[in-house]
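Shown below: start29.cif, with mmCIF, C-alpha atoms and all ligand atoms.
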data_target
#
loop_
_atom_site.label_atom_id
_atom_site.label_comp_id
_atom_site.auth_asym_id
_atom_site.auth_seq_id
_atom_site.Cartn_x
_atom_site.Cartn_y
_atom_site.Cartn_z
CA MET A 733 40.54 142.72 110.84
CA THR A 734 39.51 142.22 114.43
CA GLU A 735 41.65 143.80 117.11
CA ARG A 736 41.79 142.77 120.75
CA SER A 737 42.46 145.89 122.73
CA SER A 738 41.40 145.27 126.30
CA ILE A 739 44.86 144.64 127.75
CA ALA A 740 46.45 147.47 129.70
CA PHE A 741 49.56 147.68 131.89
CA THR A 742 51.10 150.41 133.96
CA VAL A 743 54.81 150.85 133.26
CA TYR A 744 57.03 150.29 136.30
CA PRO A 745 60.61 151.55 136.83
CA ASP A 746 61.82 147.93 136.54
CA ASP A 747 60.46 147.76 132.99
CA CYS A 748 62.66 150.66 131.93
CA ASP A 749 66.30 150.92 130.94
CA ALA A 750 69.14 152.97 132.45
CA PHE A 751 67.76 156.10 130.77
CA GLY A 752 64.48 155.63 132.59
CA HIS A 753 62.26 154.80 129.59
CA LEU A 754 61.12 151.79 127.65
CA ASN A 755 63.59 150.61 125.04
CA GLN A 756 63.04 148.09 122.28
CA ALA A 757 63.84 145.11 124.50
CA SER A 758 61.44 146.28 127.22
CA PHE A 759 58.72 146.75 124.63
CA LEU A 760 59.34 143.25 123.40
CA ALA A 761 58.85 141.93 126.94
CA LEU A 762 55.63 143.95 127.39
CA PHE A 763 54.27 142.78 124.05
CA GLU A 764 54.96 139.21 125.13
CA ARG A 765 53.18 139.83 128.43
CA ALA A 766 50.21 141.23 126.51
CA ARG A 767 50.06 138.13 124.30
CA TRP A 768 50.11 135.76 127.24
CA ASP A 769 47.52 137.88 129.00
CA ALA A 770 45.25 137.58 125.96
CA ILE A 771 45.80 133.82 125.88
CA ALA A 772 45.17 133.49 129.62
CA ARG A 773 41.90 135.41 129.33
CA GLY A 774 40.93 133.42 126.23
CA PRO A 775 41.64 129.73 125.65
CA GLY A 776 44.01 129.42 128.65
CA MET A 777 47.79 129.25 129.01
CA ASP A 778 47.80 125.54 128.14
CA VAL A 779 46.34 126.10 124.67
CA PHE A 780 49.56 125.08 122.96
CA THR A 781 50.30 121.98 125.03
CA ARG A 782 46.66 120.94 124.66
CA ASN A 783 47.07 121.16 120.88
CA HIS A 784 50.52 119.47 120.95
CA VAL A 785 52.29 122.42 119.36
CA GLN A 786 54.78 125.09 120.27
CA PRO A 787 54.80 128.52 118.67
CA VAL A 788 58.36 129.37 117.61
CA VAL A 789 59.16 132.99 116.83
CA ARG A 790 60.86 133.20 113.43
CA LYS A 791 61.03 136.95 113.04
CA THR A 792 60.32 140.01 115.14
CA THR A 793 60.22 143.68 114.22
CA VAL A 794 59.72 146.29 116.92
CA GLU A 795 59.26 149.92 116.03
CA TYR A 796 58.96 152.53 118.72
CA TYR A 797 57.91 156.05 118.10
CA GLU A 798 57.55 157.79 121.46
CA GLN A 799 59.20 157.60 124.84
CA VAL A 800 57.29 155.89 127.64
CA PHE A 801 58.14 156.39 131.29
CA PRO A 802 57.27 154.77 134.65
CA GLY A 803 53.70 155.52 135.62
CA ASP A 804 52.46 155.67 132.02
CA ARG A 805 49.59 153.33 131.28
CA LEU A 806 49.76 151.43 127.99
CA TYR A 807 46.88 149.84 126.09
CA PHE A 808 47.79 146.88 123.92
CA SER A 809 46.03 145.60 120.84
CA ILE A 810 46.80 142.39 118.98
CA GLU A 811 45.65 141.41 115.53
CA LEU A 812 46.26 138.48 113.26
CA ALA A 813 48.01 140.01 110.26
CA GLN A 814 48.51 136.84 108.22
CA GLN A 815 47.90 133.15 108.51
CA GLY A 816 49.35 130.24 106.60
CA GLN A 817 49.00 126.51 107.17
CA THR A 818 51.65 126.31 109.86
CA SER A 819 52.60 129.89 110.51
CA PHE A 820 50.94 133.09 111.55
CA THR A 821 51.90 136.74 111.94
CA LEU A 822 50.69 138.87 114.82
CA ARG A 823 50.72 142.65 114.78
CA GLN A 824 50.76 144.34 118.17
CA SER A 825 50.43 148.01 119.06
CA ALA A 826 50.83 149.90 122.31
CA ARG A 827 49.05 153.21 122.83
CA LYS A 828 48.89 155.68 125.71
CA GLU A 829 45.18 156.16 125.10
CA HIS A 830 42.58 154.21 123.20
CA GLY A 831 42.40 155.50 119.63
CA SER A 832 45.62 157.53 119.84
CA ARG A 833 48.70 157.04 117.67
CA PRO A 834 50.73 153.96 118.70
CA VAL A 835 53.84 154.56 120.77
CA ALA A 836 55.24 151.23 119.55
CA GLU A 837 54.32 148.47 117.14
CA ALA A 838 55.60 144.95 116.69
CA GLU A 839 55.21 142.28 114.05
CA LEU A 840 56.01 138.71 114.97
CA VAL A 841 56.06 135.68 112.70
CA PHE A 842 55.41 132.39 114.49
CA VAL A 843 55.76 128.90 113.12
CA CYS A 844 53.93 126.12 114.94
CA VAL A 845 56.02 122.99 115.45
CA ASP A 846 55.23 119.66 117.08
CA ARG A 847 57.26 117.91 119.77
CA ASP A 848 59.77 116.71 117.15
CA GLY A 849 60.24 120.22 115.80
CA LYS A 850 58.25 119.49 112.63
CA PRO A 851 55.84 122.15 111.28
CA HIS A 852 52.28 121.67 112.55
CA ALA A 853 48.97 123.29 111.60
CA VAL A 854 48.09 126.46 113.52
CA PRO A 855 45.47 125.52 116.17
CA ASP A 856 42.01 126.90 115.40
CA GLU A 857 41.74 128.20 118.95
CA ILE A 858 44.67 130.54 118.30
CA THR A 859 43.26 131.77 115.02
CA ALA A 860 39.90 132.38 116.70
CA LEU A 861 41.50 134.17 119.66
CA PHE A 862 43.30 136.71 117.50
CA GLY A 863 40.39 137.48 115.25
CA GLY A 864 39.58 134.60 112.91
CA ARG A 865 40.98 134.16 109.42
CA PRO A 866 42.76 137.32 108.36
CA SER A 867 41.36 139.24 105.49
CA ARG A 868 43.17 138.85 102.16
CA ARG A 869 41.85 142.29 101.26
CA THR A 870 43.07 145.79 101.88
CA GLY A 871 39.57 147.15 102.14
CA VAL A 872 36.28 146.69 100.47
CA THR A 873 36.78 145.31 96.96
CA GLN A 874 34.69 147.21 94.48
CA HIS A 875 34.01 146.02 90.95
CA LEU A 876 33.73 149.01 88.66
CA SER A 877 33.42 149.42 84.95
CA VAL A 878 36.45 151.49 83.90
CA ASN A 879 37.22 152.20 80.23
CA GLY A 880 34.77 149.39 79.44
CA LEU A 881 36.65 146.86 81.61
CA ALA A 882 35.36 145.20 84.78
CA THR A 883 37.96 146.47 87.24
CA ALA A 884 38.62 145.31 90.81
CA VAL A 885 39.67 147.99 93.28
CA ASP A 886 40.33 147.81 97.01
CA ALA A 887 39.30 151.12 98.45
CA SER A 888 39.33 152.27 102.05
CA GLY A 889 39.64 155.36 104.19
CA ASP A 890 39.19 159.07 103.63
CA GLY A 891 41.41 162.04 103.04
CA VAL A 892 44.10 162.59 100.44
CA ALA A 893 43.89 159.80 97.84
CA VAL A 894 46.83 157.43 97.47
CA LEU A 895 46.78 155.29 94.35
CA LEU A 896 48.72 152.08 94.93
CA LEU A 897 49.98 150.43 91.72
CA HIS A 898 51.18 146.84 91.89
CA GLY A 899 54.16 145.28 90.15
CA PHE A 900 54.43 142.39 87.69
CA PRO A 901 52.93 139.76 87.74
CA LEU A 902 51.10 140.61 90.94
CA ASP A 903 47.83 142.21 91.95
CA ARG A 904 46.26 144.75 94.30
CA THR A 905 46.53 142.44 97.32
CA MET A 906 50.30 143.02 97.50
CA TRP A 907 49.41 146.35 99.18
CA ARG A 908 47.14 144.93 101.83
CA GLN A 909 49.60 145.23 104.73
CA VAL A 910 50.73 148.77 103.96
CA SER A 911 47.24 149.89 103.01
CA GLY A 912 45.83 148.47 106.25
CA LYS A 913 48.23 150.68 108.21
CA LEU A 914 47.79 153.88 106.19
CA THR A 915 44.74 154.99 108.10
CA GLY A 916 44.14 158.69 107.60
CA TRP A 917 44.44 158.49 103.81
CA ARG A 918 42.10 157.28 101.09
CA ARG A 919 43.79 154.15 99.75
CA ILE A 920 42.91 152.99 96.26
CA ALA A 921 44.56 149.75 95.11
CA PRO A 922 43.32 148.58 91.70
CA ASP A 923 44.17 145.46 89.74
CA LEU A 924 45.65 146.77 86.49
CA ARG A 925 44.00 145.48 83.30
CA GLY A 926 44.66 141.78 82.89
CA PHE A 927 45.73 141.19 86.51
CA GLY A 928 43.98 139.83 89.59
CA LEU A 929 40.23 140.22 89.34
CA THR A 930 40.26 142.85 86.60
CA GLU A 931 39.16 141.75 83.17
CA ALA A 932 41.90 140.60 80.80
CA PRO A 933 41.17 141.60 77.22
CA GLU A 934 43.07 139.76 74.49
CA SER A 935 44.86 142.91 73.39
CA GLY A 936 45.17 146.60 74.21
CA TYR A 937 48.07 146.49 76.66
CA SER A 938 50.64 149.27 76.97
CA ILE A 939 52.01 151.39 79.79
CA GLY A 940 49.94 154.24 78.34
CA ALA A 941 46.78 152.10 78.39
CA TYR A 942 47.31 151.29 82.09
CA ALA A 943 47.72 155.03 82.78
CA ASP A 944 44.57 155.84 80.78
CA ASP A 945 42.66 153.23 82.80
CA LEU A 946 43.86 154.75 86.04
CA VAL A 947 42.82 158.26 85.09
CA ALA A 948 39.40 156.88 84.11
CA LEU A 949 39.30 155.17 87.52
CA LEU A 950 40.09 158.48 89.27
CA ASP A 951 37.26 160.08 87.25
CA THR A 952 34.87 157.29 88.26
CA LEU A 953 35.79 157.79 91.92
CA HIS A 954 35.59 161.61 91.56
CA ILE A 955 39.20 162.03 92.62
CA GLU A 956 40.88 165.05 91.11
CA ARG A 957 44.44 164.38 92.23
CA ALA A 958 46.11 161.43 93.91
CA VAL A 959 49.47 160.60 95.36
CA VAL A 960 50.62 157.97 92.86
CA CYS A 961 52.63 155.17 94.43
CA GLY A 962 53.94 152.58 91.99
CA LEU A 963 56.08 149.55 92.58
CA SER A 964 58.35 148.46 89.71
CA MET A 965 55.94 148.08 86.76
CA GLY A 966 53.56 150.28 88.75
CA GLY A 967 56.37 152.86 88.73
CA TYR A 968 56.60 152.69 84.92
CA VAL A 969 52.90 153.56 84.86
CA ALA A 970 53.41 156.34 87.42
CA PHE A 971 56.02 157.93 85.12
CA ASP A 972 53.52 157.89 82.29
CA MET A 973 50.88 159.52 84.49
CA VAL A 974 53.27 162.26 85.51
CA ARG A 975 54.17 162.86 81.84
CA ARG A 976 50.68 162.89 80.36
CA TYR A 977 48.37 163.60 83.30
CA SER A 978 50.50 165.79 85.55
CA ASP A 979 47.43 167.67 86.81
CA ARG A 980 46.13 164.40 88.34
CA VAL A 981 49.32 163.65 90.29
CA ARG A 982 49.59 165.24 93.75
CA ALA A 983 52.90 163.55 94.62
CA LEU A 984 54.90 160.50 93.58
CA ILE A 985 56.19 157.48 95.43
CA LEU A 986 58.47 155.34 93.29
CA MET A 987 59.27 151.97 94.83
CA ASN A 988 61.78 149.47 93.48
CA THR A 989 61.46 150.89 90.01
CA ARG A 990 63.65 152.30 87.26
CA ALA A 991 63.43 155.06 84.68
CA THR A 992 65.53 153.39 82.00
CA PRO A 993 63.84 151.31 79.27
CA ASP A 994 64.69 147.69 78.39
CA ASN A 995 67.89 147.27 76.40
CA ALA A 996 68.09 144.86 73.43
CA GLU A 997 68.91 141.91 75.68
CA GLY A 998 66.04 142.77 78.02
CA ARG A 999 63.60 143.03 75.13
CA ALA A 1000 64.71 139.66 73.75
CA LYS A 1001 64.16 138.15 77.20
CA ARG A 1002 60.66 139.63 77.36
CA ASP A 1003 59.90 138.06 73.98
CA ALA A 1004 61.11 134.65 75.12
CA THR A 1005 59.08 134.85 78.35
CA LEU A 1006 56.04 136.06 76.45
CA ALA A 1007 56.26 133.10 74.04
CA ARG A 1008 56.50 130.70 76.96
CA VAL A 1009 53.54 132.30 78.74
CA ARG A 1010 51.51 131.92 75.55
CA ARG A 1011 52.55 128.26 75.33
CA ASP A 1012 52.52 127.09 78.98
CA GLY A 1013 50.54 129.71 80.90
CA PRO A 1014 52.09 131.97 83.57
CA THR A 1015 52.49 129.43 86.41
CA PHE A 1016 56.17 128.73 85.66
CA LEU A 1017 56.93 132.37 86.52
CA ALA A 1018 56.43 131.66 90.23
CA ALA A 1019 59.43 129.33 90.51
CA GLU A 1020 61.47 131.52 88.19
CA MET A 1021 60.75 134.84 89.85
CA LEU A 1022 60.35 134.10 93.57
CA PRO A 1023 64.08 133.90 94.34
CA LYS A 1024 64.59 137.24 92.60
CA LEU A 1025 61.55 139.02 94.01
CA LEU A 1026 62.15 138.36 97.70
CA ALA A 1027 65.17 138.91 99.91
CA PRO A 1028 66.81 135.76 101.35
CA ALA A 1029 65.61 136.82 104.83
CA THR A 1030 62.03 137.00 103.61
CA ARG A 1031 62.21 133.59 101.95
CA GLN A 1032 63.58 132.05 105.12
CA THR A 1033 61.39 133.69 107.74
CA MET A 1034 58.14 134.81 106.10
CA PRO A 1035 56.44 131.75 104.62
CA ASP A 1036 53.14 133.60 104.37
CA VAL A 1037 54.64 136.28 102.16
CA VAL A 1038 56.23 133.61 99.94
CA GLU A 1039 52.86 131.83 99.70
CA HIS A 1040 51.02 135.05 98.95
CA VAL A 1041 53.43 136.01 96.14
CA ARG A 1042 53.22 132.49 94.69
CA ASN A 1043 49.40 132.61 94.76
CA MET A 1044 49.27 135.97 93.06
CA ILE A 1045 51.53 134.77 90.24
CA THR A 1046 49.88 131.39 89.71
CA ASN A 1047 46.39 132.93 89.65
CA GLN A 1048 47.16 135.24 86.72
CA VAL A 1049 45.86 134.62 83.23
CA SER A 1050 48.00 134.39 80.09
CA ASP A 1051 46.48 137.35 78.22
CA GLY A 1052 47.16 139.75 81.09
CA VAL A 1053 50.70 138.54 81.75
CA ALA A 1054 51.64 138.42 78.06
CA GLY A 1055 50.13 141.88 77.57
CA ALA A 1056 52.17 143.28 80.47
CA LEU A 1057 55.38 141.73 79.15
CA ALA A 1058 54.83 143.46 75.80
CA ALA A 1059 53.92 146.72 77.57
CA MET A 1060 57.10 146.66 79.64
CA ARG A 1061 59.24 145.67 76.62
CA ASP A 1062 57.93 148.67 74.69
CA ARG A 1063 57.87 151.17 77.53
CA PRO A 1064 59.34 154.59 76.86
CA ASP A 1065 62.56 155.90 78.35
CA SER A 1066 61.61 157.85 81.48
CA THR A 1067 65.08 159.18 82.26
CA LEU A 1068 64.25 162.41 80.44
CA THR A 1069 61.12 162.76 82.56
CA LEU A 1070 63.06 162.82 85.84
CA SER A 1071 64.39 166.39 85.81
CA GLY A 1072 60.95 167.76 84.94
CA ILE A 1073 59.11 166.14 87.85
CA ASP A 1074 57.77 169.04 89.89
CA VAL A 1075 55.72 167.26 92.54
CA PRO A 1076 57.09 166.01 95.88
CA THR A 1077 58.69 162.63 95.23
CA LEU A 1078 59.83 159.81 97.44
CA VAL A 1079 62.03 157.07 95.97
CA MET A 1080 62.25 153.83 97.93
CA ALA A 1081 64.51 150.83 97.44
CA GLY A 1082 65.01 147.42 99.04
CA ARG A 1083 68.60 146.95 100.16
CA ASP A 1084 68.60 143.38 98.79
CA ASP A 1085 66.68 144.08 95.57
CA GLN A 1086 68.21 141.94 92.81
CA ILE A 1087 65.97 143.36 90.07
CA VAL A 1088 66.46 147.08 90.70
CA PRO A 1089 69.63 147.51 92.78
CA ALA A 1090 69.36 150.13 95.52
CA ALA A 1091 72.31 152.05 93.99
CA GLU A 1092 70.35 152.46 90.76
CA SER A 1093 67.36 153.80 92.69
CA ARG A 1094 69.63 156.29 94.44
CA THR A 1095 70.94 157.56 91.10
CA MET A 1096 67.37 157.87 89.86
CA ALA A 1097 66.39 159.84 92.97
CA GLU A 1098 69.33 162.18 92.43
CA GLY A 1099 67.92 163.01 89.01
CA ILE A 1100 64.56 164.17 90.41
CA PRO A 1101 64.48 167.69 91.87
CA HIS A 1102 64.27 167.57 95.70
CA ALA A 1103 63.36 163.86 95.79
CA GLN A 1104 63.65 162.01 99.08
CA PHE A 1105 65.35 158.64 99.06
CA SER A 1106 65.01 155.75 101.48
CA VAL A 1107 66.56 152.27 101.51
CA ILE A 1108 64.71 149.59 103.45
CA PRO A 1109 66.89 146.88 105.03
CA ASP A 1110 65.95 143.19 104.81
CA ALA A 1111 63.85 143.79 101.71
CA GLY A 1112 64.21 142.61 98.15
CA HIS A 1113 62.11 143.76 95.22
CA LEU A 1114 58.78 143.66 97.10
CA THR A 1115 59.59 146.02 99.98
CA PRO A 1116 55.96 146.79 100.95
CA MET A 1117 55.24 143.09 101.40
CA GLU A 1118 58.57 142.24 103.02
CA GLN A 1119 58.87 145.20 105.39
CA PRO A 1120 55.38 146.66 105.71
CA VAL A 1121 56.04 148.33 109.07
CA ASN A 1122 59.16 150.17 107.90
CA VAL A 1123 57.67 151.02 104.52
CA THR A 1124 54.52 152.42 106.11
CA ARG A 1125 56.55 154.55 108.50
CA VAL A 1126 58.53 156.14 105.65
CA VAL A 1127 55.44 156.57 103.46
CA LYS A 1128 53.45 158.11 106.34
CA GLU A 1129 56.21 160.61 107.08
CA PHE A 1130 56.24 161.58 103.41
CA LEU A 1131 52.44 161.89 103.21
CA GLU A 1132 52.36 163.91 106.43
CA SER A 1133 54.89 166.34 104.93
CA LEU A 1134 52.53 167.20 102.05
CA ASP A 1135 50.49 170.30 102.79
C1 LIG A 1201 57.98 144.25 88.42
O1 LIG A 1201 58.21 143.91 89.58
O2 LIG A 1201 56.98 144.90 88.15
C2 LIG A 1201 58.93 143.79 87.34
O3 LIG A 1201 60.10 143.31 87.89
C3 LIG A 1201 59.22 144.91 86.37
C4 LIG A 1201 60.05 144.45 85.20
O4 LIG A 1201 60.09 143.25 84.89
O5 LIG A 1201 60.65 145.34 84.57
#
The structure in this file should be written as structure tokens.
Ligand code: MLT
Amino acid sequence: MTERSSIAFTVYPDDCDAFGHLNQASFLALFERARWDAIARGPGMDVFTRNHVQPVVRKTTVEYYEQVFPGDRLYFSIELAQQGQTSFTLRQSARKEHGSRPVAEAELVFVCVDRDGKPHAVPDEITALFGGRPSRRTGVTQHLSVNGLATAVDASGDGVAVLLLHGFPLDRTMWRQVSGKLTGWRRIAPDLRGFGLTEAPESGYSIGAYADDLVALLDTLHIERAVVCGLSMGGYVAFDMVRRYSDRVRALILMNTRATPDNAEGRAKRDATLARVRRDGPTFLAAEMLPKLLAPATRQTMPDVVEHVRNMITNQVSDGVAGALAAMRDRPDSTLTLSGIDVPTLVMAGRDDQIVPAAESRTMAEGIPHAQFSVIPDAGHLTPMEQPVNVTRVVKEFLESLD
């Protein structure tokens, strides 16, 4: 992803609050100044009027990590994090020195509207200014043969390996935002068998089979131990890895997942969904699952995330989705595993998760010796996609705490 990083400002006393440093509001103003500066140096301040659109901010997140005082010089970078038909997301960072850790970051979702307030296509000049079409990938996608299956894996970075396991019925690209920010670690995001670009055999699906594939993938990549980070179904697989391959697990991150198995009602529901997938294909799952997967705030303000989730679901194939439904239906009870987990563990929940309520995640965390627990506001079941900045911050702190 291309970054523009040539904009620098000196901080003046007027920029600061009563305590003499930059607060969130002052950062917001400086980030706005940096955007306009980039536009002025690029296509010109009239780029929007020329294209008959206005960019309307739908959502802003500002995170600040370090105090900044008058006289400090800040270097701003801007990148296009996502782009839809009529909306785009910019990610901005401010640093005290080029290449250093950001002192603040912002994510802003804009929707382009015309003079009547109706959504309008994002002007090409804006896309070009902030770095062209954003990558849909978290890194370089490799296609490896793993356990005899053609397997797609996004791999980037160096250092301690972090294995990112997607949920159902999604794929590796759900991690692209968080993975893109986890510089300093070796991020490995595979498509599990039957999902995304990984081959979908007709049979051979179980939680254990996914775990076996992942260990074979670690072998192929010559990784002895990885931090295993699983979301929901990915968490079910992480439990199996910790049970059967504990020597390959450096630490655990369990996101929006549960240890309990399906009850009779849940299993019957899996069977009904499985039969429908076999009959109609998996596309119907998008309409059925989207309202449950994403928080109301996400559905209202993050059209790109909604579109991305819909695309992932509608691009799946029946064998893979049906296989995963059977695998989840038959998954073992992991509650007995909890007390025996002896690696550092972080449990994360979305405050608005309708599938795995945050209270259930808390109880699960309490059952794991010394586990950390974090609830992310304004997130449903897909916290890393809905709140990538907050999720990355918590994950980074956890990874940094590992010796
Ligand atoms: C997931 O997100 O992976 C699913 O909600 C898991 C499940 O259906 O149990």
With a cut-off of 10 Å, could you pull out the residues of chain A touching ligand LIG 1201 (chain A) and give me the nearest pair of atoms for each, distance in Å to one decimal, using all atoms listed in the file, ordered by chain and ascending number, as a tab-separated table?
residue	atom	partner	partner_atom	distance
A:Leu897	CA	A:LIG1201	O2	9.6
A:His898	CA	A:LIG1201	O2	7.2
A:Gly899	CA	A:LIG1201	O2	3.5
A:Phe900	CA	A:LIG1201	O2	3.6
A:Pro901	CA	A:LIG1201	O2	6.6
A:Leu902	CA	A:LIG1201	O2	7.8
A:Gly962	CA	A:LIG1201	O2	9.1
A:Leu963	CA	A:LIG1201	O2	6.5
A:Ser964	CA	A:LIG1201	O2	4.1
A:Met965	CA	A:LIG1201	O2	3.6
A:Gly966	CA	A:LIG1201	O2	6.4
A:Gly967	CA	A:LIG1201	O2	8.0
A:Tyr968	CA	A:LIG1201	C3	8.3
A:Met987	CA	A:LIG1201	O1	9.7
A:Asn988	CA	A:LIG1201	O1	7.7
A:Thr989	CA	A:LIG1201	C3	7.4
A:Arg990	CA	A:LIG1201	O5	8.0
A:Thr992	CA	A:LIG1201	O5	9.8
A:Pro993	CA	A:LIG1201	O5	8.6
A:Asp994	CA	A:LIG1201	O5	7.7
A:Gly998	CA	A:LIG1201	O5	8.9
A:Arg1002	CA	A:LIG1201	O4	8.4
A:Met1021	CA	A:LIG1201	O3	8.7
A:Lys1024	CA	A:LIG1201	O3	8.9
A:Leu1025	CA	A:LIG1201	O1	7.4
A:Ala1056	CA	A:LIG1201	O4	9.1
A:Leu1057	CA	A:LIG1201	O4	7.6
A:Ala1059	CA	A:LIG1201	O5	9.8
A:Met1060	CA	A:LIG1201	O5	6.2
A:Arg1061	CA	A:LIG1201	O5	8.1
A:Arg1063	CA	A:LIG1201	O5	9.6
A:Gln1086	CA	A:LIG1201	O3	9.6
A:Ile1087	CA	A:LIG1201	O3	6.3
A:Val1088	CA	A:LIG1201	O3	7.9
A:His1113	CA	A:LIG1201	O1	6.9
A:Leu1114	CA	A:LIG1201	O1	7.5
Next on the checklist: Would you pick out the contacts of A:Tyr807 at 7 Å or less, using all atoms listed in the file, so that residues sharing its chain but fewer than 2 positions from it are not included, and give the list as an NGL selection string?
Outcome noted: :A and (737 or 739-741 or 805 or 809 or 826-830)
Dump as a PDB file, in the frame of the given file, selection limited to C-alpha atoms:
ATOM      1  CA  SER A 737      42.460 145.890 122.730  1.00  0.00           C
ATOM      2  CA  ILE A 739      44.860 144.640 127.750  1.00  0.00           C
ATOM      3  CA  ALA A 740      46.450 147.470 129.700  1.00  0.00           C
ATOM      4  CA  PHE A 741      49.560 147.680 131.890  1.00  0.00           C
ATOM      5  CA  ARG A 805      49.590 153.330 131.280  1.00  0.00           C
ATOM      6  CA  SER A 809      46.030 145.600 120.840  1.00  0.00           C
ATOM      7  CA  ALA A 826      50.830 149.900 122.310  1.00  0.00           C
ATOM      8  CA  ARG A 827      49.050 153.210 122.830  1.00  0.00           C
ATOM      9  CA  LYS A 828      48.890 155.680 125.710  1.00  0.00           C
ATOM     10  CA  GLU A 829      45.180 156.160 125.100  1.00  0.00           C
ATOM     11  CA  HIS A 830      42.580 154.210 123.200  1.00  0.00           C
TER      12      HIS A 830
END
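Those residues that approach A:Phe759 to within 9 Å, counting all atoms listed in the file, are Asp747, Leu754, Asn755, Gln756, Ala757, Ala761, Leu762, Phe763, Glu764, Val794, Tyr796, Ala826, Ala836, Glu837 and Ala838 of chain A; same-chain residues fewer than 2 positions away are not listed.
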Next on the checklist: Applying 7 Å and only C-alpha atoms, which residues near A:Val854 remain after dropping the ones on its own chain fewer than 2 positions away? List them as a list in words.
Outcome noted: Gln817, Thr818, Ser819, Cys844, His852 and Asp856 of chain A
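In this comparison, which uses all atoms listed in the file, the residue of A:Val1041, A:Ala983, A:Ala991, A:Met1034 approaching A:Leu1068 most closely is A:Ala991.
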